[in-house]
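S.K.: Okay, handing you the structure first.
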Amino acid sequence: MSRDDYEELLARVRRLEDESAITRLIMSYGPAADSGLTSSAARLWLDDGKYDWDADGEPHRGSAAVDAMLQGDGHQGLIARGVAHFAGPPLIDIDGDRATALNYSLIMRREDDRFFLWRVSAARWDVERTGSGWRVRRRTNRLLDASGAGRRLFGETLRELFEDVPS
Amino acid sequence: MSRDDYEELLARVRRLEDESAITRLIMSYGPAADSGLTSSAARLWLDDGKYDWDADGEPHRGSAAVDAMLQGDGHQGLIARGVAHFAGPPLIDIDGDRATALNYSLIMRREDDRFFLWRVSAARWDVERTGSGWRVRRRTNRLLDASGAGRRLFGETLRELFEDVPS
Amino acid sequence: MSRDDYEELLARVRRLEDESAITRLIMSYGPAADSGLTSSAARLWLDDGKYDWDADGEPHRGSAAVDAMLQGDGHQGLIARGVAHFAGPPLIDIDGDRATALNYSLIMRREDDRFFLWRVSAARWDVERTGSGWRVRRRTNRLLDASGAGRRLFGETLRELFEDVPS
């Protein structure tokens, strides 16, 4: 095997490892948030990353703000009654030290002896490679409701990722 | 490293890349369908591929028919009110230039201030490698209801994939 | 490429293959259980593996006990009416010949012309490499309800996996 063969194979393995690491990043949020490990969940973001969680709300600016939100009464009340911040499998597009991922984000809540789907959102993750692994630059959630906000987030992101999608 | 070592390692990396590409194919359908990018969603199928979407309905024959279905009043009405065509993580079995995947396919719809699970199906994807990546030869969906259709689709496929499953 | 380069690359490919195999193991349970292939589902466990399915129930001890449970009236009644034992994408941590995975486990049941979320649980999988692939040493499920059992399972596991999580 030539040095070029080796370098090419190594680059392919690295891309697969990047996909694995980004999937792990995305899959870490729910279990950390639902167990109240607020700083572990918040640390997935860059210090100056954003969590733009709804079209009608102010984004959380910075990982410290994500931590504060998770420590707040709203989130703590959810986890006391029982909640699942479920992340669907991501569609990942890697471009060097940046990547974009799309998935469905579901929040399930306990009610009587069953659960219900409270929020079903389109989610977009803009992530970056750092010295200590991949981190979230911006997470954007938009409800898949009649407002069309989730629909637009999925559509705009797919148009960016797949050049041949008609605009 | 010998040439044989290299070829073997390369084949293993290719299999992982195939799994990644097939996962990406399957995960692309929902966001494309839910955002109304009908031709992007339809293009996941081979020109003469099939979408056998229910035991009680006619399959959509060809990617153009998938596109037409997505442009139709039924699907357009769903996305106007809010809908998620959610694909669960796939169980993938690759055999050269063909592969079979099984997953759960969920359709969630908006109602008042929450969402509900409208359809929960067993899904089977028969996919093929082409010059421009993996494409869908046939997608089969069957409801996991009292008809037993979903149950049979999962069972028959698992028996094919795992030779040691008793028939 | 030196022998060391080769060995290191091979180890990285093996880790990715392990992740793929563990994902496949976890994703096999639902389709096997929901199609009534009870011995295929049970065989995912080690002969002396455990399925600790709820805080208020006795664990199934051994793969034969898992098989017996799946053949029992409770499970058979569920699949006759329509059910989905859905596994969310796992967060996997591999340590040599053992690995731990966390995911959400959802049971969806048919009711009238739609489905409902019956159980939403935190799931922990302790798996081991054997001569015939990865098998389940112990699967632990805990409801994400007001009891806090699911919350604790996620929290305790994350603290084990990520050393820097404050206890």
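By order of appearance in the structure tokens: chains A, B, ..., then residues from 1 within every chain, and ligands from 1 in the order shown.
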Got a sec: who's within 12 Å of Tyr6 (chain B), counting only C-alpha atoms, leaving out chain neighbours fewer than 3 positions off, as an NGL selection string?

M.R.: (:A and (1-3 or 5-6 or 8-10)) or (:B and (1-3 or 9-13)) or (:C and (1 or 3 or 5-7 or 9-10))

S.K.: Within 9 Å of Val127 (chain A), counting only C-alpha atoms, which residues show up once you throw out same-chain ones fewer than 6 positions away? Write them as a PyMOL selection string, please.

M.R.: chain A and resi 22+45-46+97-101+134-139

S.K.: Convert the current residue selection to file output with C-alpha atoms, as a PDB file, in the first residue's frame.

M.R.:
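Writing the result to part04.pdb gives the following:
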```
ATOM      1  CA  ILE A  22     -21.635  13.685  16.130  1.00  0.00           C
ATOM      2  CA  TRP A  45     -22.747  23.464  23.474  1.00  0.00           C
ATOM      3  CA  LEU A  46     -19.809  25.748  22.757  1.00  0.00           C
ATOM      4  CA  ASP A  97     -14.471  20.899  10.881  1.00  0.00           C
ATOM      5  CA  ARG A  98     -18.142  21.767  10.642  1.00  0.00           C
ATOM      6  CA  ALA A  99     -21.209  19.630  10.183  1.00  0.00           C
ATOM      7  CA  THR A 100     -24.947  19.982   9.923  1.00  0.00           C
ATOM      8  CA  ALA A 101     -27.415  17.399  11.137  1.00  0.00           C
ATOM      9  CA  TRP A 134     -17.505  18.108  18.501  1.00  0.00           C
ATOM     10  CA  ARG A 135     -19.651  20.795  20.122  1.00  0.00           C
ATOM     11  CA  VAL A 136     -22.919  22.544  19.250  1.00  0.00           C
ATOM     12  CA  ARG A 137     -22.604  25.965  17.626  1.00  0.00           C
ATOM     13  CA  ARG A 138     -26.371  26.247  17.238  1.00  0.00           C
ATOM     14  CA  ARG A 139     -29.336  23.977  17.726  1.00  0.00           C
TER      15      ARG A 139
END
```

S.K.: Rounded to one decimal place, report the CA of Arg110 (chain C)-CA of Asp54 (chain C) distance in Å.

M.R.: 21.8 Å

S.K.: Choose the residue, out of A:Ser147, A:Thr130, A:Thr157, A:Ser121, that has the smallest atom-to-atom separation from Ala21 (chain A); count only C-alpha atoms.

M.R.: A:Thr130

S.K.: Which of these, A:Tyr51, A:Asp113, A:Gly96, A:Ser63, has the shortest distance to chain C once you count only C-alpha atoms?

M.R.: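 Checking each of A:Tyr51, A:Asp113, A:Gly96, A:Ser63 against chain C, counting only C-alpha atoms, the winner is A:Asp113.
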
S.K.: Running DSSP on the backbone, which parts of region 5-158 of chain C land in strand (DSSP E), as a PyMOL selection string?

M.R.: chain C and resi 45-52+60-61+83-87+91-95+98-111+114-130+133-143

S.K.: Check the smallest atom-to-atom distance from each of A:Glu58, A:Gly88, A:Leu153, A:Ala123 to Leu106 (chain B) using only C-alpha atoms, then report the winner.

M.R.: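 Closest to Leu106 (chain B), using only C-alpha atoms: A:Gly88.
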
S.K.: Which parts of region 1-113 of chain B does DSSP call helix (DSSP H, G or I) when run on the backbone here, written out as a PyMOL selection string?

M.R.: chain B and resi 3-34+38-42+63-71+73-81

S.K.: Can you tell me which residues surround Leu70 (chain A) at a distance of at most 6 Å, considering only C-alpha atoms, apart from same-chain residues fewer than 3 positions away, and format the answer as a PDB file with all heavy atoms, in the first residue's frame?

M.R.:
```pdb
ATOM      1  N   THR A  38     -27.692  18.799  34.437  1.00  0.00           N
ATOM      2  CA  THR A  38     -27.828  20.015  33.623  1.00  0.00           C
ATOM      3  C   THR A  38     -26.495  20.486  33.060  1.00  0.00           C
ATOM      4  O   THR A  38     -26.424  20.917  31.917  1.00  0.00           O
ATOM      5  CB  THR A  38     -28.474  21.149  34.446  1.00  0.00           C
ATOM      6  OG1 THR A  38     -27.597  21.501  35.531  1.00  0.00           O
ATOM      7  CG2 THR A  38     -29.816  20.702  35.018  1.00  0.00           C
ATOM      8  N   ASP A  67     -27.720  25.694  30.632  1.00  0.00           N
ATOM      9  CA  ASP A  67     -27.681  25.118  31.978  1.00  0.00           C
ATOM     10  C   ASP A  67     -28.745  25.770  32.869  1.00  0.00           C
ATOM     11  O   ASP A  67     -29.505  25.081  33.574  1.00  0.00           O
ATOM     12  CB  ASP A  67     -26.272  25.327  32.567  1.00  0.00           C
ATOM     13  CG  ASP A  67     -25.982  24.430  33.758  1.00  0.00           C
ATOM     14  OD1 ASP A  67     -26.924  23.850  34.316  1.00  0.00           O
ATOM     15  OD2 ASP A  67     -24.811  24.335  34.146  1.00  0.00           O
ATOM     16  N   HIS A  75     -38.311  23.174  33.288  1.00  0.00           N
ATOM     17  CA  HIS A  75     -37.699  21.876  33.001  1.00  0.00           C
ATOM     18  C   HIS A  75     -37.749  20.962  34.220  1.00  0.00           C
ATOM     19  O   HIS A  75     -38.031  19.768  34.099  1.00  0.00           O
ATOM     20  CB  HIS A  75     -36.258  22.056  32.502  1.00  0.00           C
ATOM     21  CG  HIS A  75     -35.617  20.767  32.102  1.00  0.00           C
ATOM     22  ND1 HIS A  75     -35.912  20.137  30.919  1.00  0.00           N
ATOM     23  CD2 HIS A  75     -34.735  19.964  32.746  1.00  0.00           C
ATOM     24  CE1 HIS A  75     -35.231  19.001  30.855  1.00  0.00           C
ATOM     25  NE2 HIS A  75     -34.508  18.876  31.947  1.00  0.00           N
TER      26      HIS A  75
END
```

S.K.: Please find the residues of chain B near chain C - the criterion being any atom within 10 Å, counting only C-alpha atoms - and write them as a PyMOL selection string.

M.R.: chain B and resi 1-2+5-6+9-10+12-13+15-16+19-20+88-93+102-104+106+108+116-122+143-159+162+164-167

S.K.: For CA of Arg142 (chain B) and CA of Arg124 (chain B), determine how far apart the two atoms are, in Å to one decimal place.

M.R.: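 Between CA of Arg142 (chain B) and CA of Arg124 (chain B) the gap is 8.8 Å.
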
S.K.: Counting only C-alpha atoms, which residue out of B:Thr140, B:Ala42, B:Gly133, B:Glu128 sits closest to Gln71 (chain B)?

M.R.: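 Comparing B:Thr140, B:Ala42, B:Gly133, B:Glu128 against Gln71 (chain B), the winner is B:Ala42.
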
S.K.: To one decimal in Å, tell me the separation between CA of Lys50 (chain B) and CA of Tyr29 (chain C).

M.R.: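 That distance, rounded to one decimal, is 27.4 Å.
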